[in-house]
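*Asks:* Got a file for you: final31.tsv, TSV, C-alpha atoms.
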```
chain	number	residue	atom	x	y	z
V	26	MET	CA	0.00	0.00	0.00
V	27	ARG	CA	1.38	3.41	-0.96
V	28	TYR	CA	1.12	6.22	1.56
V	29	ILE	CA	1.58	9.88	0.74
V	30	ASN	CA	0.60	11.39	4.12
V	31	LYS	CA	3.93	12.07	5.84
V	32	TYR	CA	2.15	12.46	9.19
V	33	LYS	CA	0.69	8.93	9.23
V	34	ASN	CA	2.74	7.92	12.28
V	35	ILE	CA	1.53	10.91	14.31
V	36	ILE	CA	-2.09	10.25	13.37
V	37	GLU	CA	-1.78	6.54	14.09
V	38	ALA	CA	-0.18	7.15	17.49
V	39	ASN	CA	-3.12	9.34	18.49
V	40	TYR	CA	-5.74	6.73	17.59
V	41	ASN	CA	-3.72	3.90	19.09
V	42	ASN	CA	-4.06	5.69	22.45
V	43	SER	CA	-7.82	6.17	22.21
V	44	ASN	CA	-10.90	4.03	21.65
V	45	GLU	CA	-12.50	5.30	18.46
V	46	ASP	CA	-15.15	2.58	18.61
V	47	GLU	CA	-16.61	4.18	21.75
V	48	ARG	CA	-16.67	7.73	20.37
V	49	PHE	CA	-20.42	7.80	19.83
V	50	ASN	CA	-21.35	6.17	23.13
V	51	ARG	CA	-22.08	9.51	24.80
V	52	LYS	CA	-25.54	10.94	24.15
V	53	SER	CA	-24.05	14.34	23.29
V	54	GLN	CA	-21.79	12.78	20.65
V	55	LEU	CA	-24.73	10.98	19.08
V	56	PHE	CA	-25.93	14.36	17.79
V	57	GLU	CA	-23.07	14.31	15.27
V	58	TYR	CA	-23.66	10.71	14.23
V	59	LYS	CA	-27.44	10.95	13.90
V	60	THR	CA	-27.30	14.26	12.02
V	61	THR	CA	-24.63	13.06	9.59
V	62	LEU	CA	-26.52	9.84	8.90
V	63	PHE	CA	-29.75	11.82	8.41
V	64	TYR	CA	-28.12	13.91	5.68
V	65	ILE	CA	-26.46	10.92	4.02
V	66	GLN	CA	-29.85	9.25	3.78
V	67	LYS	CA	-31.27	12.31	1.99
V	68	TYR	CA	-29.10	11.47	-1.02
V	69	LEU	CA	-29.32	7.68	-1.05
V	70	ARG	CA	-30.90	6.08	-4.08
V	71	LYS	CA	-31.55	2.46	-4.96
V	72	GLY	CA	-28.35	0.80	-6.13
V	73	CYS	CA	-26.02	3.45	-4.72
V	74	LYS	CA	-22.37	2.52	-4.42
V	75	ILE	CA	-20.88	4.26	-1.39
V	76	LEU	CA	-17.26	4.93	-0.43
V	77	GLU	CA	-16.32	6.09	3.05
V	78	ILE	CA	-12.78	7.44	3.42
V	79	GLY	CA	-11.42	7.58	6.94
V	80	ALA	CA	-14.06	5.14	8.08
V	81	GLY	CA	-12.68	4.67	11.59
V	82	THR	CA	-14.20	1.58	13.14
V	83	GLY	CA	-17.04	1.56	10.63
V	84	ARG	CA	-19.96	3.18	12.41
V	85	TYR	CA	-21.36	4.80	9.25
V	86	SER	CA	-20.20	2.14	6.78
V	87	ILE	CA	-21.78	-0.67	8.77
V	88	ALA	CA	-25.07	1.22	9.20
V	89	LEU	CA	-25.24	1.91	5.46
V	90	ALA	CA	-24.34	-1.67	4.54
V	91	LYS	CA	-27.09	-2.94	6.84
V	92	MET	CA	-29.51	-0.80	4.84
V	93	GLY	CA	-28.55	-2.91	1.82
V	94	TYR	CA	-26.10	-0.60	0.01
V	95	ASP	CA	-22.82	-1.63	-1.60
V	96	VAL	CA	-20.27	-0.01	0.73
V	97	THR	CA	-16.49	0.29	0.53
V	98	ALA	CA	-14.62	1.54	3.60
V	99	VAL	CA	-11.06	2.92	3.59
V	100	GLU	CA	-9.20	3.53	6.85
V	101	LEU	CA	-5.63	4.71	7.40
V	102	VAL	CA	-5.12	3.49	10.99
V	103	GLU	CA	-4.50	-0.25	11.26
V	104	LYS	CA	-6.01	-0.49	14.77
V	105	ASN	CA	-9.28	1.08	13.62
V	106	LEU	CA	-9.38	-1.07	10.49
V	107	LYS	CA	-9.01	-4.23	12.58
V	108	VAL	CA	-12.02	-3.25	14.71
V	109	LEU	CA	-14.00	-2.31	11.59
V	110	ARG	CA	-13.37	-5.73	10.11
V	111	GLU	CA	-14.32	-7.48	13.34
V	112	ASN	CA	-17.55	-5.46	13.54
V	113	SER	CA	-18.44	-6.17	9.91
V	114	SER	CA	-17.26	-9.77	9.59
V	115	LYS	CA	-20.73	-11.07	8.72
V	116	ILE	CA	-21.68	-8.26	6.33
V	117	ASP	CA	-21.03	-9.39	2.76
V	118	ASN	CA	-21.81	-6.07	1.06
V	119	LEU	CA	-19.11	-4.14	2.94
V	120	LYS	CA	-15.50	-4.24	1.70
V	121	SER	CA	-12.70	-2.62	3.69
V	122	TYR	CA	-9.15	-1.58	2.84
V	123	GLN	CA	-6.26	0.19	4.49
V	124	GLY	CA	-5.67	3.35	2.53
V	125	ASP	CA	-4.99	7.08	2.38
V	126	VAL	CA	-7.25	9.85	1.09
V	127	LEU	CA	-4.21	11.30	-0.66
V	128	ASP	CA	-3.74	8.16	-2.75
V	129	LEU	CA	-7.08	6.42	-3.33
V	130	GLN	CA	-6.67	3.14	-5.20
V	131	PHE	CA	-9.92	3.34	-7.16
V	132	GLU	CA	-10.73	4.24	-10.73
V	133	ASP	CA	-12.28	7.56	-11.69
V	134	ASN	CA	-16.07	7.84	-11.39
V	135	SER	CA	-16.54	4.70	-9.28
V	136	PHE	CA	-19.03	5.70	-6.56
V	137	ASN	CA	-22.38	7.49	-6.32
V	138	ILE	CA	-21.68	8.87	-2.84
V	139	VAL	CA	-18.24	9.53	-1.36
V	140	LEU	CA	-17.92	10.33	2.34
V	141	CYS	CA	-14.75	11.97	3.60
V	142	LEU	CA	-15.67	12.06	7.28
V	143	GLY	CA	-12.30	12.06	9.02
V	144	PRO	CA	-9.28	12.83	6.83
V	145	MET	CA	-9.75	16.61	6.72
V	146	TYR	CA	-9.14	16.68	10.50
V	147	HIS	CA	-5.52	15.60	9.97
V	148	LEU	CA	-4.20	17.45	6.92
V	149	TYR	CA	-1.85	20.33	7.66
V	150	LYS	CA	-0.58	21.54	4.27
V	151	LYS	CA	-2.63	23.34	1.63
V	152	LYS	CA	-1.43	20.97	-1.10
V	153	ASP	CA	-2.56	17.94	0.94
V	154	LYS	CA	-5.97	19.46	1.64
V	155	ASN	CA	-6.41	20.21	-2.06
V	156	ARG	CA	-5.32	16.71	-3.02
V	157	ALA	CA	-7.76	15.12	-0.54
V	158	ILE	CA	-10.60	17.10	-2.10
V	159	SER	CA	-9.53	16.29	-5.66
V	160	GLU	CA	-9.12	12.58	-4.90
V	161	THR	CA	-12.54	12.43	-3.26
V	162	LEU	CA	-14.14	14.13	-6.25
V	163	ARG	CA	-12.17	12.03	-8.73
V	164	VAL	CA	-13.59	8.71	-7.57
V	165	CYS	CA	-17.14	10.08	-7.39
V	166	LYS	CA	-19.40	9.60	-10.39
V	167	PRO	CA	-20.57	12.71	-12.29
V	168	ASN	CA	-23.65	14.13	-10.56
V	169	GLY	CA	-22.73	12.12	-7.46
V	170	ILE	CA	-22.57	13.48	-3.91
V	171	CYS	CA	-19.47	14.15	-1.82
V	172	MET	CA	-19.50	15.00	1.89
V	173	PHE	CA	-16.57	16.35	3.90
V	174	ALA	CA	-16.48	16.59	7.69
V	175	TYR	CA	-14.34	19.30	9.31
V	176	LEU	CA	-13.81	21.05	12.65
V	177	THR	CA	-14.28	24.73	13.47
V	178	HIS	CA	-11.72	27.00	15.17
V	179	THR	CA	-14.19	28.37	17.69
V	180	SER	CA	-15.28	24.96	18.89
V	181	ILE	CA	-11.70	24.02	19.77
V	182	ILE	CA	-11.16	27.28	21.62
V	183	TRP	CA	-14.35	26.68	23.57
V	184	SER	CA	-14.28	22.91	24.17
V	185	TYR	CA	-10.54	22.59	24.81
V	186	GLY	CA	-9.52	26.05	25.90
V	187	VAL	CA	-12.50	27.12	28.01
V	188	ARG	CA	-14.18	23.89	29.20
V	189	LYS	CA	-10.88	22.20	30.04
V	190	GLY	CA	-9.26	25.36	31.38
V	191	LYS	CA	-6.39	25.29	28.87
V	192	ILE	CA	-6.88	28.52	26.98
V	193	ASP	CA	-3.31	29.54	27.91
V	194	GLU	CA	-1.96	26.40	26.20
V	195	LEU	CA	-3.75	27.41	23.01
V	196	ALA	CA	-2.25	30.89	22.94
V	197	TYR	CA	0.85	29.87	20.97
V	198	ALA	CA	-1.33	28.33	18.23
V	199	LEU	CA	-3.70	31.29	17.76
V	200	ASN	CA	-3.47	33.69	14.84
V	201	LYS	CA	-4.52	37.33	15.21
V	202	ASP	CA	-7.79	36.66	13.36
V	203	GLY	CA	-8.83	33.98	15.87
V	204	SER	CA	-7.92	31.03	13.68
V	205	ILE	CA	-5.76	28.16	14.92
V	206	LYS	CA	-2.50	27.26	13.20
V	207	ASP	CA	-2.15	23.86	11.55
V	208	ILE	CA	0.31	22.06	13.83
V	209	PRO	CA	0.77	18.32	13.17
V	210	ASN	CA	1.74	17.48	16.76
V	211	GLU	CA	-1.61	18.88	17.91
V	212	ILE	CA	-3.26	16.16	15.72
V	213	PHE	CA	-6.45	18.02	14.80
V	214	ASN	CA	-6.78	21.01	12.49
V	215	SER	CA	-9.72	23.36	12.09
V	216	TYR	CA	-11.31	26.00	9.84
V	217	PHE	CA	-13.52	29.01	9.60
V	218	ILE	CA	-16.52	27.91	7.54
V	219	GLU	CA	-15.86	30.42	4.75
V	220	ASP	CA	-12.25	29.23	4.45
V	221	PHE	CA	-13.30	25.61	4.11
V	222	ASN	CA	-15.75	26.61	1.39
V	223	LYS	CA	-13.06	28.50	-0.56
V	224	GLN	CA	-11.08	25.29	-1.08
V	225	PHE	CA	-13.73	24.18	-3.59
V	226	ASN	CA	-13.76	27.34	-5.71
V	227	LYS	CA	-11.69	25.84	-8.53
V	228	THR	CA	-13.02	22.30	-8.34
V	229	LYS	CA	-15.53	20.70	-10.67
V	230	SER	CA	-18.22	20.61	-8.03
V	231	THR	CA	-21.33	22.53	-7.02
V	232	TYR	CA	-21.91	23.58	-3.42
V	233	ILE	CA	-25.13	22.31	-1.84
V	234	LYS	CA	-24.95	23.18	1.86
V	235	ASN	CA	-23.06	23.21	5.14
V	236	VAL	CA	-24.53	21.43	8.14
V	237	ALA	CA	-23.67	21.87	11.81
V	238	THR	CA	-23.69	18.20	12.73
V	239	ASP	CA	-23.45	18.56	16.51
V	240	GLY	CA	-24.27	22.23	17.05
V	241	LEU	CA	-24.13	23.22	20.70
V	242	ALA	CA	-24.21	19.62	21.96
V	243	PRO	CA	-20.47	19.46	22.80
V	244	MET	CA	-20.77	22.61	24.91
V	245	MET	CA	-23.81	21.15	26.69
V	246	ARG	CA	-22.08	17.82	27.36
V	247	ASP	CA	-22.27	18.22	31.14
V	248	TYR	CA	-26.06	18.52	30.95
V	249	ILE	CA	-26.70	15.91	28.28
V	250	ASP	CA	-24.38	13.16	29.51
V	251	ASN	CA	-24.55	13.54	33.27
V	252	GLY	CA	-28.25	13.03	33.95
V	253	LYS	CA	-29.16	16.70	34.15
V	254	MET	CA	-31.53	16.29	31.20
V	255	THR	CA	-34.15	13.58	30.77
V	256	ASP	CA	-34.09	11.40	27.65
V	257	LYS	CA	-37.33	13.05	26.57
V	258	ASN	CA	-35.75	16.50	26.75
V	259	ILE	CA	-32.62	15.29	24.95
V	260	ASP	CA	-34.86	14.02	22.13
V	261	LEU	CA	-36.60	17.39	21.99
V	262	LEU	CA	-33.24	19.15	21.92
V	263	PHE	CA	-32.10	16.94	19.04
V	264	LYS	CA	-35.26	17.73	17.06
V	265	LEU	CA	-34.58	21.44	17.58
V	266	HIS	CA	-30.97	20.93	16.53
V	267	LEU	CA	-32.01	19.08	13.36
V	268	ALA	CA	-34.44	21.88	12.48
V	269	THR	CA	-31.76	24.57	12.82
V	270	CYS	CA	-28.46	22.91	11.84
V	271	GLU	CA	-28.44	24.51	8.37
V	272	ARG	CA	-28.89	28.04	9.75
V	273	LEU	CA	-25.77	30.19	9.45
V	274	ASP	CA	-26.32	31.65	12.91
V	275	HIS	CA	-26.18	28.13	14.42
V	276	GLN	CA	-22.99	26.96	12.73
V	277	GLY	CA	-20.01	28.90	14.07
V	278	TYR	CA	-19.94	27.14	17.42
V	279	SER	CA	-20.59	23.63	16.11
V	280	SER	CA	-17.67	21.33	16.75
V	281	HIS	CA	-18.24	19.26	13.61
V	282	MET	CA	-19.38	20.59	10.25
V	283	LEU	CA	-20.43	18.74	7.11
V	284	TYR	CA	-19.79	20.25	3.67
V	285	ILE	CA	-22.01	18.72	0.97
V	286	CYS	CA	-21.42	19.17	-2.75
V	287	ARG	CA	-22.30	17.56	-6.07
V	288	LYS	CA	-19.69	16.57	-8.65
V	289	ASN	CA	-20.30	18.37	-11.91
V	290	LYS	CA	-21.11	16.34	-15.02
V	291	ASN	CA	-18.43	18.10	-17.07
```
How does this structure look as structure tokens?
*Replies:*
Amino acid sequence: MRYINKYKNIIEANYNNSNEDERFNRKSQLFEYKTTLFYIQKYLRKGCKILEIGAGTGRYSIALAKMGYDVTAVELVEKNLKVLRENSSKIDNLKSYQGDVLDLQFEDNSFNIVLCLGPMYHLYKKKDKNRAISETLRVCKPNGICMFAYLTHTSIIWSYGVRKGKIDELAYALNKDGSIKDIPNEIFNSYFIEDFNKQFNKTKSTYIKNVATDGLAPMMRDYIDNGKMTDKNIDLLFKLHLATCERLDHQGYSSHMLYICRKNKN
């Protein structure tokens, strides 16, 4: 397997020291999963071939395969891929490979829907970000749908700096405009929404929408996860979130964002 991402070892070390398979076990984190899956389902059609890049332990890929779709999952981190394969061992319509978004081993125009739901968190150079976008679009069929997950600057400042009391540790990474520098050793990178959008200006794709996949849920974690809200009220909060997650005034503080576009026919 060829790898182009020079930071693979740093990324792998991070995930080797965490349990990605348990990431959506918290009720507050389910906001991201349920919202993302909701929007994926909006674009599903009978016979869709789906590719998920950066599939982690397969939460989305397995759910989509269980719906009956032909799913291919690509994951960079060997530990995550092993869990994915264990979790999907009895699912015949899900294929999984170790691979890199910067070097996808698929032919042009192979999939109806391409999900890039993790790689953009760990790309630190403009050329790598551009290549990840172009590779994702390349393997998507004309008129197909591509989705890219990314993190926002403000959410990191709030969730890491304020909630964890480490704003002083972030100071060295902050630019004057409030953005956070891309530093590989910090593992995760982030964007202002308008800057993420600009990356697609010269691509053969058409913007559809941005979605705040978890909204304010990460900031409300102490209430949602620690029994301060009933399940009924959490359900009501999620319905409110789903009704407002496309609003621009609800997106800046979302931890996770989802950029949705359509590959042009020509």
*Asks:* Applying 10 Å and all atoms listed in the file, which residues near Asp117 of chain V remain after dropping the ones on its own chain fewer than 3 positions away? List them as a list in words.
*Replies:* Ala90, Lys91, Gly93, Asp95, Val96, Ser113, Ser114 and Lys120 of chain V
*Asks:* What separation in Å, quoted to one decimal, exists between atom CA of Asn235 of chain V and atom CA of Leu283 of chain V?
*Replies:*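 Going from atom CA of Asn235 of chain V over to atom CA of Leu283 of chain V, I get 5.5 Å.
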*Asks:* Could you check which residues have any atom within 12 Å of (-12.1, 10.9, 5.1), counting only C-alpha atoms with coordinates taken straight from the file, and then list them as a VMD selection string?
*Replies:* chain V and resid 76 to 81 83 85 98 to 102 124 to 129 139 to 148 154 157 to 158 160 to 162 171 to 175 283
*Asks:* Which of these, V:His178, V:Lys152, V:Leu106, V:Ile138, has the shortest distance to Tyr64 of chain V once you count all atoms listed in the file?
*Replies:*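 Closest to Tyr64 of chain V of all the choices is V:Ile138.
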*Asks:* Neighbouring residues of Thr82 of chain V were defined as those with any atom within 9 Å, considering all atoms listed in the file; residues of the same chain fewer than 3 positions away were excluded. Please report them as an MDAnalysis selection string.
*Replies:* chainID V and resid 45:46 85:86 100 104:110 112
*Asks:* Calculated over all atoms listed in the file, which of the candidates V:Met244, V:Ala237, V:His275, V:Glu57 has the smallest distance to Lys189 of chain V?
*Replies:*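 Between V:Met244, V:Ala237, V:His275, V:Glu57, the residue approaching Lys189 of chain V most closely is V:Met244.
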*Asks:* Looking at V:Ile259, V:Ile212, V:Met282, V:Leu195, which one is nearest to Thr238 of chain V, with distances taken over all atoms listed in the file?
*Replies:*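 Ranking V:Ile259, V:Ile212, V:Met282, V:Leu195 by distance to Thr238 of chain V, first place goes to V:Met282.
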*Asks:* What is the atom CA of Lys290 of chain V-atom CA of Pro167 of chain V distance in Å, reported with one decimal?
*Replies:*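 About the pair atom CA of Lys290 of chain V and atom CA of Pro167 of chain V: they are 4.6 Å apart.
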*Asks:* Could you complete segment 154-179 of chain V so that it carries N, CA, C and O atoms, and give it back as a JSON list (two decimals), in the frame of the given file?
*Replies:*
```json
[["chain", "number", "residue", "atom", "x", "y", "z"],
["V", 154, "LYS", "N", -4.54, 19.21, 1.55],
["V", 154, "LYS", "CA", -5.97, 19.46, 1.64],
["V", 154, "LYS", "C", -6.59, 19.48, 0.24],
["V", 154, "LYS", "O", -7.65, 18.87, 0.01],
["V", 155, "ASN", "N", -5.92, 20.16, -0.68],
["V", 155, "ASN", "CA", -6.41, 20.21, -2.06],
["V", 155, "ASN", "C", -6.42, 18.83, -2.70],
["V", 155, "ASN", "O", -7.35, 18.49, -3.44],
["V", 156, "ARG", "N", -5.39, 18.05, -2.43],
["V", 156, "ARG", "CA", -5.32, 16.71, -3.02],
["V", 156, "ARG", "C", -6.42, 15.81, -2.45],
["V", 156, "ARG", "O", -7.03, 15.03, -3.18],
["V", 157, "ALA", "N", -6.69, 15.92, -1.15],
["V", 157, "ALA", "CA", -7.76, 15.12, -0.54],
["V", 157, "ALA", "C", -9.10, 15.43, -1.20],
["V", 157, "ALA", "O", -9.90, 14.52, -1.48],
["V", 158, "ILE", "N", -9.35, 16.70, -1.44],
["V", 158, "ILE", "CA", -10.60, 17.10, -2.10],
["V", 158, "ILE", "C", -10.65, 16.58, -3.53],
["V", 158, "ILE", "O", -11.66, 16.02, -3.97],
["V", 159, "SER", "N", -9.54, 16.73, -4.26],
["V", 159, "SER", "CA", -9.53, 16.29, -5.66],
["V", 159, "SER", "C", -9.65, 14.78, -5.78],
["V", 159, "SER", "O", -10.32, 14.27, -6.70],
["V", 160, "GLU", "N", -9.02, 14.04, -4.88],
["V", 160, "GLU", "CA", -9.12, 12.58, -4.90],
["V", 160, "GLU", "C", -10.55, 12.12, -4.58],
["V", 160, "GLU", "O", -11.07, 11.20, -5.21],
["V", 161, "THR", "N", -11.16, 12.77, -3.62],
["V", 161, "THR", "CA", -12.54, 12.43, -3.26],
["V", 161, "THR", "C", -13.47, 12.68, -4.45],
["V", 161, "THR", "O", -14.31, 11.83, -4.79],
["V", 162, "LEU", "N", -13.31, 13.81, -5.08],
["V", 162, "LEU", "CA", -14.14, 14.13, -6.25],
["V", 162, "LEU", "C", -13.83, 13.22, -7.43],
["V", 162, "LEU", "O", -14.72, 12.84, -8.20],
["V", 163, "ARG", "N", -12.57, 12.87, -7.59],
["V", 163, "ARG", "CA", -12.17, 12.03, -8.73],
["V", 163, "ARG", "C", -12.89, 10.70, -8.76],
["V", 163, "ARG", "O", -13.35, 10.24, -9.82],
["V", 164, "VAL", "N", -13.00, 10.05, -7.59],
["V", 164, "VAL", "CA", -13.59, 8.71, -7.57],
["V", 164, "VAL", "C", -15.11, 8.74, -7.51],
["V", 164, "VAL", "O", -15.76, 7.70, -7.58],
["V", 165, "CYS", "N", -15.68, 9.93, -7.40],
["V", 165, "CYS", "CA", -17.14, 10.08, -7.39],
["V", 165, "CYS", "C", -17.66, 10.16, -8.82],
["V", 165, "CYS", "O", -17.04, 10.76, -9.69],
["V", 166, "LYS", "N", -18.79, 9.55, -9.06],
["V", 166, "LYS", "CA", -19.40, 9.60, -10.39],
["V", 166, "LYS", "C", -19.94, 11.00, -10.67],
["V", 166, "LYS", "O", -20.33, 11.72, -9.75],
["V", 167, "PRO", "N", -19.96, 11.43, -11.95],
["V", 167, "PRO", "CA", -20.57, 12.71, -12.29],
["V", 167, "PRO", "C", -22.01, 12.78, -11.77],
["V", 167, "PRO", "O", -22.75, 11.80, -11.87],
["V", 168, "ASN", "N", -22.35, 13.90, -11.19],
["V", 168, "ASN", "CA", -23.65, 14.13, -10.56],
["V", 168, "ASN", "C", -23.79, 13.41, -9.22],
["V", 168, "ASN", "O", -24.87, 13.42, -8.62],
["V", 169, "GLY", "N", -22.71, 12.77, -8.77],
["V", 169, "GLY", "CA", -22.73, 12.12, -7.46],
["V", 169, "GLY", "C", -22.50, 13.11, -6.33],
["V", 169, "GLY", "O", -22.19, 14.29, -6.55],
["V", 170, "ILE", "N", -22.65, 12.63, -5.10],
["V", 170, "ILE", "CA", -22.57, 13.48, -3.91],
["V", 170, "ILE", "C", -21.30, 13.19, -3.12],
["V", 170, "ILE", "O", -20.94, 12.02, -2.91],
["V", 171, "CYS", "N", -20.63, 14.26, -2.71],
["V", 171, "CYS", "CA", -19.47, 14.15, -1.82],
["V", 171, "CYS", "C", -19.74, 14.92, -0.53],
["V", 171, "CYS", "O", -20.33, 16.01, -0.58],
["V", 172, "MET", "N", -19.33, 14.35, 0.58],
["V", 172, "MET", "CA", -19.50, 15.00, 1.89],
["V", 172, "MET", "C", -18.16, 15.01, 2.62],
["V", 172, "MET", "O", -17.46, 13.99, 2.67],
["V", 173, "PHE", "N", -17.84, 16.16, 3.19],
["V", 173, "PHE", "CA", -16.57, 16.35, 3.90],
["V", 173, "PHE", "C", -16.85, 16.85, 5.32],
["V", 173, "PHE", "O", -17.49, 17.89, 5.49],
["V", 174, "ALA", "N", -16.36, 16.13, 6.31],
["V", 174, "ALA", "CA", -16.48, 16.59, 7.69],
["V", 174, "ALA", "C", -15.25, 17.43, 8.05],
["V", 174, "ALA", "O", -14.13, 17.13, 7.62],
["V", 175, "TYR", "N", -15.46, 18.49, 8.84],
["V", 175, "TYR", "CA", -14.34, 19.30, 9.31],
["V", 175, "TYR", "C", -14.68, 19.93, 10.65],
["V", 175, "TYR", "O", -15.83, 19.92, 11.10],
["V", 176, "LEU", "N", -13.66, 20.45, 11.32],
["V", 176, "LEU", "CA", -13.81, 21.05, 12.65],
["V", 176, "LEU", "C", -13.70, 22.56, 12.55],
["V", 176, "LEU", "O", -13.02, 23.09, 11.66],
["V", 177, "THR", "N", -14.34, 23.27, 13.47],
["V", 177, "THR", "CA", -14.28, 24.73, 13.47],
["V", 177, "THR", "C", -13.29, 25.24, 14.52],
["V", 177, "THR", "O", -13.09, 24.63, 15.56],
["V", 178, "HIS", "N", -12.66, 26.38, 14.22],
["V", 178, "HIS", "CA", -11.72, 27.00, 15.17],
["V", 178, "HIS", "C", -12.38, 27.28, 16.51],
["V", 178, "HIS", "O", -11.84, 26.96, 17.58],
["V", 179, "THR", "N", -13.55, 27.91, 16.46],
["V", 179, "THR", "CA", -14.19, 28.37, 17.69],
["V", 179, "THR", "C", -14.54, 27.22, 18.62],
["V", 179, "THR", "O", -14.43, 27.33, 19.85]]
```
